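> Dropping in protein.cif, with mmCIF, C-alpha atoms and all ligand atoms.
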```
data_start
#
loop_
_atom_site.label_atom_id
_atom_site.label_comp_id
_atom_site.auth_asym_id
_atom_site.auth_seq_id
_atom_site.Cartn_x
_atom_site.Cartn_y
_atom_site.Cartn_z
CA MET A 1209 0.03 73.41 8.79
CA LYS A 1210 -2.41 72.09 11.38
CA LYS A 1211 -1.09 69.38 13.67
CA GLU A 1212 -4.05 67.09 13.08
CA ASN A 1213 -3.22 67.05 9.33
CA ILE A 1214 0.10 65.35 9.85
CA PRO A 1215 -1.21 61.77 10.25
CA MET A 1216 -3.30 62.27 7.10
CA ILE A 1217 -0.21 63.26 5.16
CA PHE A 1218 1.60 60.12 6.22
CA LEU A 1219 -1.42 58.02 5.40
CA THR A 1220 -1.68 59.56 1.93
CA ALA A 1221 2.03 59.07 1.29
CA PHE A 1222 1.69 55.46 2.40
CA ILE A 1223 -1.25 54.80 0.08
CA VAL A 1224 0.44 56.47 -2.89
CA THR A 1225 3.63 54.45 -2.37
CA GLY A 1226 1.62 51.24 -2.11
CA PHE A 1227 -0.20 52.08 -5.29
CA LEU A 1228 3.02 52.74 -7.18
CA VAL A 1229 4.53 49.46 -6.07
CA VAL A 1230 1.44 47.52 -7.16
CA ALA A 1231 1.21 49.41 -10.44
CA GLN A 1232 4.84 48.75 -11.22
CA THR A 1233 4.51 45.05 -10.46
CA LEU A 1234 1.42 44.74 -12.65
CA TRP A 1235 3.17 46.59 -15.42
CA ALA A 1236 6.25 44.40 -15.23
CA HIS A 1237 4.15 41.24 -15.30
CA GLY A 1238 1.94 42.56 -18.08
CA ASP A 1239 5.09 42.83 -20.14
CA GLU A 1240 5.91 39.18 -19.70
CA LYS A 1241 2.50 38.12 -20.92
CA HIS A 1242 3.26 39.23 -24.45
CA PRO A 1243 5.66 36.71 -25.88
CA ASP A 1244 7.99 38.40 -28.31
CA ASN A 1245 7.16 37.90 -31.93
CA ASN A 1246 10.54 38.76 -33.23
CA GLN A 1247 14.09 39.33 -32.20
CA GLN A 1248 13.72 43.07 -32.09
CA ALA A 1249 10.94 42.82 -29.52
CA SER A 1250 12.95 40.44 -27.40
CA HIS A 1251 15.98 42.67 -27.65
CA MET A 1252 13.88 45.61 -26.48
CA GLN A 1253 12.73 43.48 -23.55
CA VAL A 1254 16.31 42.78 -22.62
CA MET A 1255 16.99 46.50 -22.79
CA TYR A 1256 14.03 47.35 -20.58
CA ALA A 1257 14.79 44.50 -18.19
CA LEU A 1258 18.25 45.95 -17.66
CA LYS A 1259 16.64 49.04 -16.23
CA ASP A 1260 15.59 47.02 -13.19
CA ASN A 1261 19.29 46.72 -12.29
CA ILE A 1262 19.91 50.43 -12.57
CA PRO A 1263 19.51 52.29 -9.27
CA GLN A 1264 16.71 54.83 -9.20
CA GLU A 1265 19.00 57.83 -8.80
CA TYR A 1266 20.49 57.20 -12.25
CA ARG A 1267 17.15 56.46 -13.83
CA ILE A 1268 15.61 59.80 -13.06
CA MET A 1269 18.55 61.80 -14.36
CA GLU A 1270 17.61 63.69 -17.49
CA ARG A 1271 20.85 65.47 -18.17
CA THR A 1272 24.48 64.83 -17.48
CA PRO A 1273 25.77 66.84 -14.53
CA ILE A 1274 28.84 67.75 -16.58
CA VAL A 1275 28.35 70.57 -19.07
CA PRO A 1276 29.05 69.24 -22.57
CA ASP A 1277 31.55 71.97 -23.35
CA GLN A 1278 34.42 71.61 -25.81
CA GLU A 1279 36.73 70.22 -23.15
CA SER A 1280 34.27 67.55 -22.11
CA LEU A 1281 33.56 66.56 -25.71
CA THR A 1282 37.26 66.39 -26.54
CA SER A 1283 37.90 64.05 -23.61
CA GLY A 1284 34.84 62.02 -24.46
CA LYS A 1285 35.85 61.71 -28.08
CA ALA A 1286 39.39 60.56 -27.30
CA LEU A 1287 38.17 57.87 -24.93
CA TYR A 1288 35.39 56.85 -27.25
CA GLN A 1289 37.79 56.29 -30.10
CA GLN A 1290 40.13 54.25 -27.89
CA GLN A 1291 37.58 52.09 -26.10
CA CYS A 1292 34.20 52.21 -27.77
CA ALA A 1293 34.57 52.72 -31.52
CA LEU A 1294 35.78 49.13 -31.86
CA CYS A 1295 32.19 48.03 -31.33
CA HIS A 1296 30.02 51.12 -31.61
CA GLY A 1297 31.78 52.47 -34.71
CA ASP A 1298 33.58 55.78 -35.23
CA ASP A 1299 30.39 57.74 -35.74
CA GLY A 1300 28.25 55.71 -33.33
CA ARG A 1301 26.35 53.57 -35.80
CA GLY A 1302 27.15 50.34 -33.99
CA ASN A 1303 29.21 49.07 -36.90
CA GLY A 1304 32.73 48.94 -35.49
CA PRO A 1305 35.16 46.20 -36.60
CA ALA A 1306 34.34 44.00 -33.56
CA ALA A 1307 30.59 44.26 -34.05
CA ASN A 1308 30.28 41.20 -36.23
CA GLY A 1309 31.46 38.80 -33.59
CA LEU A 1310 28.74 39.80 -31.13
CA GLU A 1311 25.42 38.06 -30.79
CA THR A 1312 23.71 41.30 -29.79
CA PRO A 1313 24.91 44.05 -32.11
CA PRO A 1314 26.44 47.03 -30.31
CA ALA A 1315 23.97 49.87 -29.84
CA ASN A 1316 23.60 52.21 -32.79
CA PHE A 1317 23.59 55.54 -30.98
CA LEU A 1318 22.21 57.25 -34.06
CA ASP A 1319 19.06 55.17 -33.87
CA LEU A 1320 17.34 57.62 -31.56
CA GLU A 1321 14.30 55.49 -30.93
CA HIS A 1322 16.54 52.72 -29.68
CA SER A 1323 19.06 54.85 -27.86
CA SER A 1324 16.48 56.98 -26.08
CA ILE A 1325 15.41 53.91 -24.13
CA TYR A 1326 18.28 54.86 -21.85
CA ASP A 1327 18.46 58.31 -20.34
CA PRO A 1328 21.82 60.00 -19.66
CA GLY A 1329 22.06 58.64 -16.12
CA GLU A 1330 21.30 55.15 -17.36
CA LYS A 1331 23.93 55.36 -20.09
CA TYR A 1332 26.40 56.50 -17.46
CA TRP A 1333 25.53 53.51 -15.29
CA ILE A 1334 25.78 51.09 -18.21
CA ILE A 1335 29.29 52.32 -19.11
CA GLY A 1336 30.52 51.44 -15.62
CA ASN A 1337 28.49 48.28 -15.13
CA GLY A 1338 28.01 46.79 -18.57
CA SER A 1339 24.70 45.46 -19.71
CA GLY A 1340 24.56 41.88 -18.59
CA GLU A 1341 24.48 39.32 -21.34
CA THR A 1342 24.48 41.72 -24.31
CA GLY A 1343 28.26 41.92 -24.58
CA MET A 1344 28.53 45.54 -23.47
CA PRO A 1345 31.54 45.33 -21.12
CA ALA A 1346 31.69 47.04 -17.72
CA PHE A 1347 34.32 49.75 -17.96
CA GLU A 1348 35.13 49.86 -14.26
CA GLU A 1349 38.54 51.38 -14.89
CA ILE A 1350 37.16 54.46 -16.62
CA GLU A 1351 37.08 57.40 -14.18
CA LEU A 1352 33.60 58.52 -13.16
CA ILE A 1353 34.00 61.94 -14.71
CA ASP A 1354 35.21 60.39 -17.94
CA ARG A 1355 32.05 58.29 -18.08
CA TRP A 1356 30.09 61.54 -18.14
CA HIS A 1357 32.35 62.88 -20.89
CA LEU A 1358 31.53 59.75 -22.86
CA VAL A 1359 27.80 60.23 -22.34
CA ASN A 1360 28.16 63.84 -23.48
CA TYR A 1361 30.04 62.67 -26.54
CA ILE A 1362 27.36 60.11 -27.41
CA TYR A 1363 24.73 62.86 -27.35
CA ASP A 1364 27.03 65.05 -29.40
CA LEU A 1365 27.35 62.30 -32.03
CA GLN A 1366 23.57 62.18 -32.15
CA ALA A 1367 23.27 65.93 -32.41
CA SER A 1368 25.86 66.24 -35.20
CA ALA A 1369 24.26 63.39 -37.16
CA ASP A 1370 20.94 65.15 -36.78
CA LYS A 1371 22.46 68.36 -38.04
CA LYS A 1372 24.01 66.64 -41.06
CA ASP A 1373 20.61 65.14 -41.85
CA GLY A 1374 19.03 68.54 -41.56
CA ASP A 1375 21.61 69.98 -43.94
CA LYS A 1376 20.82 67.28 -46.46
CA HIS A 1377 17.17 68.26 -46.45
CA HIS A 1378 18.03 71.86 -47.19
CA HIS A 1379 20.01 71.14 -50.34
C1 LIG A 1401 32.77 44.62 -27.11
C2 LIG A 1401 31.90 45.56 -27.77
C3 LIG A 1401 31.55 46.84 -27.06
C4 LIG A 1401 32.42 47.82 -26.61
C5 LIG A 1401 33.94 47.84 -26.69
C6 LIG A 1401 31.58 48.86 -26.07
N1 LIG A 1401 30.26 48.53 -26.17
FE1 LIG A 1401 28.65 49.64 -25.54
N2 LIG A 1401 27.39 48.16 -26.08
C7 LIG A 1401 27.76 46.97 -26.67
C8 LIG A 1401 26.60 46.14 -26.82
C9 LIG A 1401 26.57 44.75 -27.42
C10 LIG A 1401 25.52 46.87 -26.27
C11 LIG A 1401 24.07 46.44 -26.14
C12 LIG A 1401 23.30 46.84 -27.33
C13 LIG A 1401 21.92 47.23 -27.03
O1 LIG A 1401 21.50 47.22 -25.88
O2 LIG A 1401 21.24 47.55 -28.00
C14 LIG A 1401 26.06 48.15 -25.84
C15 LIG A 1401 25.30 49.13 -25.28
C16 LIG A 1401 25.78 50.36 -24.86
C17 LIG A 1401 24.98 51.41 -24.29
C18 LIG A 1401 23.49 51.36 -24.02
C19 LIG A 1401 22.69 51.60 -25.28
C20 LIG A 1401 22.38 53.05 -25.56
O3 LIG A 1401 22.13 53.37 -26.74
O4 LIG A 1401 22.34 53.88 -24.65
C21 LIG A 1401 25.82 52.45 -24.03
C22 LIG A 1401 25.45 53.79 -23.44
C23 LIG A 1401 27.14 52.03 -24.43
N3 LIG A 1401 27.09 50.76 -24.93
C24 LIG A 1401 28.28 52.83 -24.32
C25 LIG A 1401 29.56 52.38 -24.58
C26 LIG A 1401 30.76 53.18 -24.35
C27 LIG A 1401 30.76 54.61 -23.89
C28 LIG A 1401 31.82 52.38 -24.67
C29 LIG A 1401 33.29 52.71 -24.53
C30 LIG A 1401 33.74 53.11 -23.22
C31 LIG A 1401 31.29 51.11 -25.11
N4 LIG A 1401 29.92 51.14 -25.05
C32 LIG A 1401 32.07 50.05 -25.54
C33 LIG A 1401 29.03 46.61 -27.05
C34 LIG A 1401 30.19 47.30 -26.77
#
```
Please go through the file and, once you have read it, give me the structure as structure tokens.
Ligand code: HEC

Amino acid sequence: MKKENIPMIFLTAFIVTGFLVVAQTLWAHGDEKHPDNNQQASHMQVMYALKDNIPQEYRIMERTPIVPDQESLTSGKALYQQQCALCHGDDGRGNGPAANGLETPPANFLDLEHSSIYDPGEKYWIIGNGSGETGMPAFEEIELIDRWHLVNYIYDLQASADKKDGDKHHH
């Protein structure tokens, strides 16, 4: 690389960063301009707004760093049934026995459109930090690795539900 190119590279990086910051701000404000017509829209806004609290390194994570092998899923399942099923339901439909008392219903993990709003890294972060006013508690006492087992298990619930659906179509 030629020496005289170096200042240009910095300049370009600077301009690109500036552009991203402006674009993001415009986007965020554009969002606010559309008042929600219904509860669902406002709930989605709450979900998206939460993302602003999630550090970037979790937001860009597309997979869990822990392989979802049998061991991971077994740990995830055990914890899930102890700590999460109460609200999220045994099979992840968000219909656990404590769900009724909550203003915001617990996430239905089998609603893929809804659940895919949060990527694996974001789900991991939410387990440890809660999700603000929605009633999703912060499980600070759950070991970091166990949080990944839980995320793996949530995706496994989705995958097995998907498979069951697929089976139904075949018969
Ligand atoms: C007291 C009820 C309650 C318990 C217990 C609970 N949650 Fe939640 N959870 C919620 C609510 C309410 C939300 C917010 C719903 C939404 O954003 O749609 C939520 C949202 C989430 C989300 C983000 C939504 C998504 O689909 O990615 C994840 C991930 C999650 N919970 C995982 C867990 C895990 C794992 C446990 C157990 C360690 C757990 N929750 C226990 C109530 C609960």
> Would you name the residues within 6 Å of ligand LIG 1401 (chain A), counting all atoms listed in the file, and put them as a count of residues only?
20
> To one decimal place, how far is CA of Leu1287 in chain A from CA of Asp1354 in chain A in Å?
8.0 Å
> For each of A:Ala1257, A:Leu1281, A:Ala1306, A:Ile1353, take the minimum atom-to-atom distance to Leu1365 in chain A, counting all atoms listed in the file, then give the residue where this is smallest.
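That would be A:Leu1281, the residue with the smallest distance to Leu1365 in chain A.
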> Quote the spacing between CA of Glu1348 in chain A and CA of Arg1271 in chain A in Å to one decimal place.
21.5 Å
